[in-house]
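Novice: Below you will find the structure I want to go over with you.
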Amino acid sequence: MRTNVNIADDAREFAEVYANANGISLGDAITQLIRKSRQSASHEKIGSGFARSEAGFPMFPRAGRSITTEMVLEAQANDLD
């Protein structure tokens, strides 16, 4: 069903991050998130893996090793050789 809705900016941002991370449309992301919230005993379980940077940008939890600026610069220098 196609419809227009007004949602808060933070909810839209979260849905966009979720959609991009899962390679789906915004509408599909919102549908999945609503269905997950109905299955969940608490809404906190859905959003608990996300945090916000100091600038307010949604961030995924850390997984694996971190890539530093130094590592990127070294890789770029190696590509130039």
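In the structure tokens, each chain is lettered A, B, ... as it comes, each chain's residues begin at 1, and ligands are numbered from 1 in order of appearance.
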Would you list the contacts of Ala15 (chain A) as a PyMOL selection string, taking every protein, DNA or RNA residue within 12 Å and counting only C-alpha atoms, but skipping same-chain residues closer than 4 positions in sequence?
Specialist: chain A and resi 7-11+19-34+46-47+50+58
Novice: Please identify which residues in chain A DSSP calls helix (DSSP H, G or I) from the backbone, and express them as a PyMOL selection string.
Specialist: chain A and resi 9-22+26-39+44-47+69-80
Novice: Store the residues of this selection in a file with N, CA and C atoms, as a short mmCIF file (atom, residue, chain, number, x, y, z; two decimals), in the first residue's frame.
Specialist:
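Saved the output as out.cif:
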data_model
loop_
_atom_site.label_atom_id
_atom_site.label_comp_id
_atom_site.auth_asym_id
_atom_site.auth_seq_id
_atom_site.Cartn_x
_atom_site.Cartn_y
_atom_site.Cartn_z
N ASP A 9 12.52 13.29 12.37
CA ASP A 9 13.79 13.22 11.63
C ASP A 9 14.68 12.10 12.13
N ASP A 10 14.74 11.89 13.47
CA ASP A 10 15.62 10.84 13.99
C ASP A 10 15.13 9.45 13.59
N ALA A 11 13.81 9.27 13.51
CA ALA A 11 13.26 7.99 13.08
C ALA A 11 13.55 7.74 11.60
N ARG A 12 13.43 8.80 10.79
CA ARG A 12 13.74 8.67 9.37
C ARG A 12 15.22 8.36 9.15
N GLU A 13 16.09 9.05 9.90
CA GLU A 13 17.53 8.79 9.78
C GLU A 13 17.86 7.35 10.14
N PHE A 14 17.26 6.85 11.21
CA PHE A 14 17.50 5.47 11.62
C PHE A 14 17.04 4.51 10.53
N ALA A 15 15.86 4.75 9.98
CA ALA A 15 15.33 3.88 8.92
C ALA A 15 16.20 3.94 7.67
N GLU A 16 16.73 5.11 7.35
CA GLU A 16 17.61 5.23 6.18
C GLU A 16 18.91 4.46 6.39
N VAL A 17 19.48 4.55 7.57
CA VAL A 17 20.71 3.80 7.88
C VAL A 17 20.42 2.30 7.79
N TYR A 18 19.32 1.87 8.35
CA TYR A 18 18.92 0.47 8.31
C TYR A 18 18.73 0.01 6.86
N ALA A 19 18.05 0.84 6.06
CA ALA A 19 17.79 0.50 4.66
C ALA A 19 19.10 0.37 3.89
N ASN A 20 20.00 1.34 4.06
CA ASN A 20 21.27 1.29 3.36
C ASN A 20 22.11 0.10 3.79
N ALA A 21 22.11 -0.20 5.07
CA ALA A 21 22.90 -1.33 5.58
C ALA A 21 22.39 -2.66 5.05
N ASN A 22 21.10 -2.74 4.78
CA ASN A 22 20.50 -3.99 4.33
C ASN A 22 20.21 -4.01 2.83
N LEU A 26 13.61 2.37 1.54
CA LEU A 26 13.20 2.98 2.80
C LEU A 26 11.86 2.41 3.26
N GLY A 27 10.93 2.22 2.34
CA GLY A 27 9.63 1.65 2.69
C GLY A 27 9.75 0.24 3.27
N ASP A 28 10.60 -0.58 2.63
CA ASP A 28 10.81 -1.95 3.15
C ASP A 28 11.48 -1.91 4.52
N ALA A 29 12.40 -0.96 4.71
CA ALA A 29 13.08 -0.84 6.00
C ALA A 29 12.08 -0.49 7.09
N ILE A 30 11.21 0.48 6.82
CA ILE A 30 10.22 0.87 7.82
C ILE A 30 9.29 -0.30 8.13
N THR A 31 8.88 -1.03 7.10
CA THR A 31 8.03 -2.20 7.32
C THR A 31 8.72 -3.22 8.21
N GLN A 32 9.98 -3.54 7.90
CA GLN A 32 10.73 -4.52 8.70
C GLN A 32 10.89 -4.06 10.14
N LEU A 33 11.21 -2.78 10.32
CA LEU A 33 11.41 -2.27 11.67
C LEU A 33 10.12 -2.31 12.49
N ILE A 34 9.00 -1.99 11.87
CA ILE A 34 7.72 -2.06 12.58
C ILE A 34 7.42 -3.51 12.95
N ARG A 35 7.63 -4.43 12.02
CA ARG A 35 7.36 -5.84 12.32
C ARG A 35 8.28 -6.37 13.41
N LYS A 36 9.56 -5.95 13.38
CA LYS A 36 10.49 -6.37 14.43
C LYS A 36 10.06 -5.81 15.79
N SER A 37 9.57 -4.59 15.80
CA SER A 37 9.16 -3.99 17.07
C SER A 37 7.96 -4.72 17.66
N ARG A 38 7.09 -5.23 16.81
CA ARG A 38 5.92 -5.98 17.29
C ARG A 38 6.33 -7.32 17.88
N GLN A 39 7.40 -7.91 17.33
CA GLN A 39 7.87 -9.21 17.82
C GLN A 39 8.72 -9.07 19.07
N GLU A 44 13.88 -1.18 22.80
CA GLU A 44 15.31 -0.96 23.01
C GLU A 44 16.15 -2.01 22.30
N LYS A 45 15.64 -3.20 22.12
CA LYS A 45 16.41 -4.26 21.47
C LYS A 45 16.74 -3.91 20.02
N ILE A 46 15.84 -3.22 19.34
CA ILE A 46 16.08 -2.87 17.94
C ILE A 46 17.18 -1.84 17.83
N GLY A 47 17.11 -0.80 18.63
CA GLY A 47 18.05 0.30 18.50
C GLY A 47 19.29 0.17 19.35
N THR A 69 43.59 6.26 10.25
CA THR A 69 44.03 7.18 9.20
C THR A 69 45.42 6.78 8.71
N GLU A 70 46.27 6.39 9.64
CA GLU A 70 47.63 5.99 9.29
C GLU A 70 47.62 4.78 8.35
N MET A 71 46.74 3.83 8.60
CA MET A 71 46.64 2.65 7.74
C MET A 71 46.22 3.04 6.33
N VAL A 72 45.27 3.97 6.23
CA VAL A 72 44.81 4.42 4.92
C VAL A 72 45.92 5.14 4.17
N LEU A 73 46.65 6.04 4.88
CA LEU A 73 47.74 6.76 4.24
C LEU A 73 48.84 5.81 3.78
N GLU A 74 49.13 4.78 4.57
CA GLU A 74 50.15 3.79 4.18
C GLU A 74 49.70 3.03 2.95
N ALA A 75 48.44 2.64 2.90
CA ALA A 75 47.93 1.92 1.74
C ALA A 75 47.98 2.79 0.49
N GLN A 76 47.65 4.07 0.64
CA GLN A 76 47.71 4.98 -0.50
C GLN A 76 49.14 5.14 -0.98
N ALA A 77 50.07 5.24 -0.06
CA ALA A 77 51.49 5.39 -0.42
C ALA A 77 51.99 4.14 -1.15
N ASN A 78 51.54 2.96 -0.72
CA ASN A 78 51.94 1.70 -1.36
C ASN A 78 51.36 1.61 -2.77
N ASP A 79 50.18 2.16 -2.99
CA ASP A 79 49.58 2.13 -4.32
C ASP A 79 50.32 3.02 -5.31
N LEU A 80 50.94 4.05 -4.81
CA LEU A 80 51.67 4.98 -5.67
C LEU A 80 53.01 4.41 -6.11
#
Novice: In Å, with one decimal, what is the gap from CA of Thr3 (chain A) to CA of Phe57 (chain A)?
Specialist: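 Taking CA of Thr3 (chain A) and CA of Phe57 (chain A), their separation equals 27.4 Å.
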Novice: Write out as a VMD selection string the set of residues from chain A that DSSP, computed on the backbone, places in strand (DSSP E or B).
Specialist: chain A and resid 51 to 52 58 to 59
Novice: Quick one, how far is CA of Gly64 (chain A) from CA of Ala51 (chain A)?
Specialist: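 Result for CA of Gly64 (chain A) versus CA of Ala51 (chain A): 17.0 Å, one decimal.
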